[in-house]
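**Student:** I'd like to ask some things about the structure below.
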Amino acid sequence: MKTNYQLKLLLALLLSLSLTGTTALAADADADHEHAEEEHAEEEHSDEEHAEEEHADSVVIEPGMAQQAGVTTAMAGPAVIREAVTVYGTTTMNPQGISEVKARFPGLVIAINPEVGELVSAGDTIAEIESNESLQRYRVQSPISGRVVSRNANPGETTGDQPLLTIINYDQLWAELTIFPSNARRIQPGLEVIMEADGEVMRGSISHILPGSSESPAVLARVTLDNSDGRWTPGLLLQADITIGQSEVALAVDNRAIQSFEDNPVVFVQEGTTYESRTVALGRKDAEQTEILSGLEPGELYVVENSYLIKADLEKSSAEHAH
């Protein structure tokens, strides 16, 4: 009986030790599992942070949204950079576009048709006059096409020395540019000129140069402007770049594409729906294009119009990420 009792006691002791070991192993396993989960979470968080850092310089814009925002692109490639002299001047009337219409013979104004502000065409009858000498009527025709800017006669009045009408044609204007002596030798007729006034740009070439006077040593360069669309008027102040030389460069972008981001000049490159910021090194530039020395490859698509919208989006993302 004693032997059986001892055996039972030994078995109970072994069972107790076995259960204690199993519990400890299970606890260790749970601790290992929790530690593994924490490490995995930390790795995922680190990966997310790394991904955010990796893409902090890019944004995703769907095609429809880009079109709605007016974001346009161009392909980077070779270009011609112009060396230019910047001058200033004003627009003025071409004398050939001004006509002061007078009666050929003194007489009575029978009819006068156009009002101030009306358009007339060359050859239109604009007045009918009865001659004082012959008492016969004759017609006065418009010598040019243009707009009536003043009218100095009415039916029943007699003609005098002043014009019946003044007609101006604004289809052609002059740009008169002041050239100082330091640049005068480099400026010749025929050179291309890019002019800007009130945000509008127009191209032309120097038609002739007027010498300076004793009162002013500066010379005057005149450029004939095609103003058939009526964009410009006489008396506008303008800035002009006169091209005096040009150089071919391997890679250039439109000036509108260059933005300053994180204190560096950048352009935004499009790859599908992703627009990535690229820091670039700049070279020579003119009024329209800038040479790119590094940071961009020929054939890549870069944002031209409304690139500032992408810059604003990146700045917003950077500010949110910082917080």
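Letters A, B, ... mark the chains of the structure tokens in the order given; residue numbers begin at 1 per chain; ligand numbers begin at 1, in order shown.
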Give me every strand (DSSP E) residue in segment 130-301 of chain A, going by DSSP on the backbone, as a PyMOL selection string.

**Tutor:** chain A and resi 130-131+137-141+146-151+165-168+172-179+192-197+200-210+219-226+237-254+259-261+264-271+274-279+281-285+289-294+301

**Student:** List the spatial neighbours of segment 173-175 of chain A as a list of chain:residue names - criterion: any atom at most 9 Å away, only C-alpha atoms, same-chain residues fewer than 5 positions off excluded.

**Tutor:**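 Counting only C-alpha atoms, the residues come to A:Gly89, A:Thr90, A:Thr91, A:Thr92, A:Met93, A:Asn94, A:Pro95, A:Gly97, A:Met195, A:Ala221, A:Arg222, A:Val223, A:Thr224, A:Leu225, A:Asp226, A:Asn227, A:Trp232, A:Thr233, A:Pro234, A:Leu238.
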
**Student:** With only C-alpha atoms as the atoms that count, which of A:Leu191, A:Val80, A:Ala69, A:Ile98 lies nearest to Gln172 of chain A?

**Tutor:**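 Residue with the minimum atom-to-atom distance to Gln172 of chain A: A:Ile98.
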
**Student:** Find, counting only C-alpha atoms, the residue in A:Ala240, A:Ala111, A:Ala103, A:Val303 that gets nearest to Glu271 of chain A.

**Tutor:**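 Among A:Ala240, A:Ala111, A:Ala103, A:Val303, it is A:Val303 that comes nearest to Glu271 of chain A.
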
**Student:** Please indicate the distance in Å from atom CA of Ile110 of chain A to atom CA of Gln162 of chain A, rounded to one decimal place.

**Tutor:**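 Here the two named atoms are 16.9 Å from each other.
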
**Student:** So which one's closest to Ile292 of chain A, A:Ile129, A:Ile81, A:Val140, A:Met65? Using only C-alpha atoms, please.

**Tutor:**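 Closest to Ile292 of chain A of all the choices is A:Ile81.
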
**Student:** Using only C-alpha atoms, which residues sit within 7 Å of Leu314 of chain A once same-chain residues fewer than 6 positions away are excluded, as an MDAnalysis selection string?

**Tutor:** chainID A and resid 57:59

**Student:** How about saving the chosen residues, C-alpha atoms kept, as a PDB file, in the first residue's frame?

**Tutor:**
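Output file result_22.pdb follows:
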ATOM      1  CA  ASP A  57       8.531  65.368 -54.296  1.00  0.00           C
ATOM      2  CA  SER A  58       5.700  64.104 -56.501  1.00  0.00           C
ATOM      3  CA  VAL A  59       1.930  64.270 -56.815  1.00  0.00           C
TER       4      VAL A  59
END

**Student:** Please, what distance in Å, to one decimal, runs between atom CA of Gln96 of chain A and atom CA of Pro155 of chain A?

**Tutor:**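 Value for the atom CA of Gln96 of chain A-atom CA of Pro155 of chain A distance: 28.5 Å.
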
**Student:** Tell me, as a PyMOL selection string, which residues lie within 9 Å of Glu297 of chain A, counting only C-alpha atoms; anything in the same chain fewer than 5 positions away does not count.

**Tutor:** chain A and resi 76-77+251

**Student:** Quick one: write out the picked residues with N, CA and C atoms as a PDB file, in the first residue's frame?

**Tutor:**
ATOM      1  N   ALA A  76      10.994  68.072 -73.596  1.00  0.00           N
ATOM      2  CA  ALA A  76      12.296  68.722 -73.465  1.00  0.00           C
ATOM      3  C   ALA A  76      13.186  68.349 -74.644  1.00  0.00           C
ATOM      4  N   GLY A  77      13.908  69.328 -75.165  1.00  0.00           N
ATOM      5  CA  GLY A  77      14.757  69.064 -76.311  1.00  0.00           C
ATOM      6  C   GLY A  77      15.639  70.251 -76.642  1.00  0.00           C
ATOM      7  N   LEU A 251      19.594  71.243 -74.701  1.00  0.00           N
ATOM      8  CA  LEU A 251      18.381  71.018 -73.903  1.00  0.00           C
ATOM      9  C   LEU A 251      17.917  72.329 -73.291  1.00  0.00           C
TER      10      LEU A 251
END

**Student:** Using Å and a single decimal, report how far atom CA of Glu133 of chain A sits from atom CA of Glu115 of chain A.

**Tutor:**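 Between these atoms lies a distance of 28.2 Å.
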
**Student:** Using only C-alpha atoms, pick whichever of A:Asn113, A:Asn306, A:Ser142, A:Ser247 has the shortest atom-to-atom distance to Glu291 of chain A.

**Tutor:**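 Between A:Asn113, A:Asn306, A:Ser142, A:Ser247, the residue approaching Glu291 of chain A most closely is A:Ser247.
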
**Student:** As a PyMOL selection string, which residues of segment 28-227 of chain A does DSSP assign to alpha helix (DSSP H)?

**Tutor:** chain A and resi 28-54+63-68+181-184

**Student:** Which residue out of A:Val219, A:Ala66, A:Ile206, A:Leu236 has the minimum interatomic distance to Leu309 of chain A when only C-alpha atoms are used?

**Tutor:**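 Closest to Leu309 of chain A of all the choices is A:Ala66.
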
**Student:** Using only C-alpha atoms, which of A:Arg139, A:Lys316, A:Arg104, A:Arg82 sits nearest Gln289 of chain A?

**Tutor:**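 Checking each candidate against Gln289 of chain A, we get A:Arg82 as the closest.
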
**Student:** Determine, counting only C-alpha atoms, which protein, DNA and RNA residues have an atom within 12 Å of an atom of Asp263 of chain A; residues of the same chain fewer than 6 positions away are not included. Present the result as a list in words.

**Tutor:**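 My list of contacting residues is Thr279, Val280 and Glu315 of chain A.
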
**Student:** Would you mind exporting C-alpha atoms of the selected residues as an mmCIF file, in the first residue's frame?

**Tutor:**
data_model
loop_
_atom_site.group_PDB
_atom_site.id
_atom_site.type_symbol
_atom_site.label_atom_id
_atom_site.label_comp_id
_atom_site.auth_asym_id
_atom_site.auth_seq_id
_atom_site.Cartn_x
_atom_site.Cartn_y
_atom_site.Cartn_z
ATOM 1 C CA THR A 279 16.002 69.946 -59.370
ATOM 2 C CA VAL A 280 17.768 71.383 -62.423
ATOM 3 C CA GLU A 315 4.231 72.604 -50.565
#
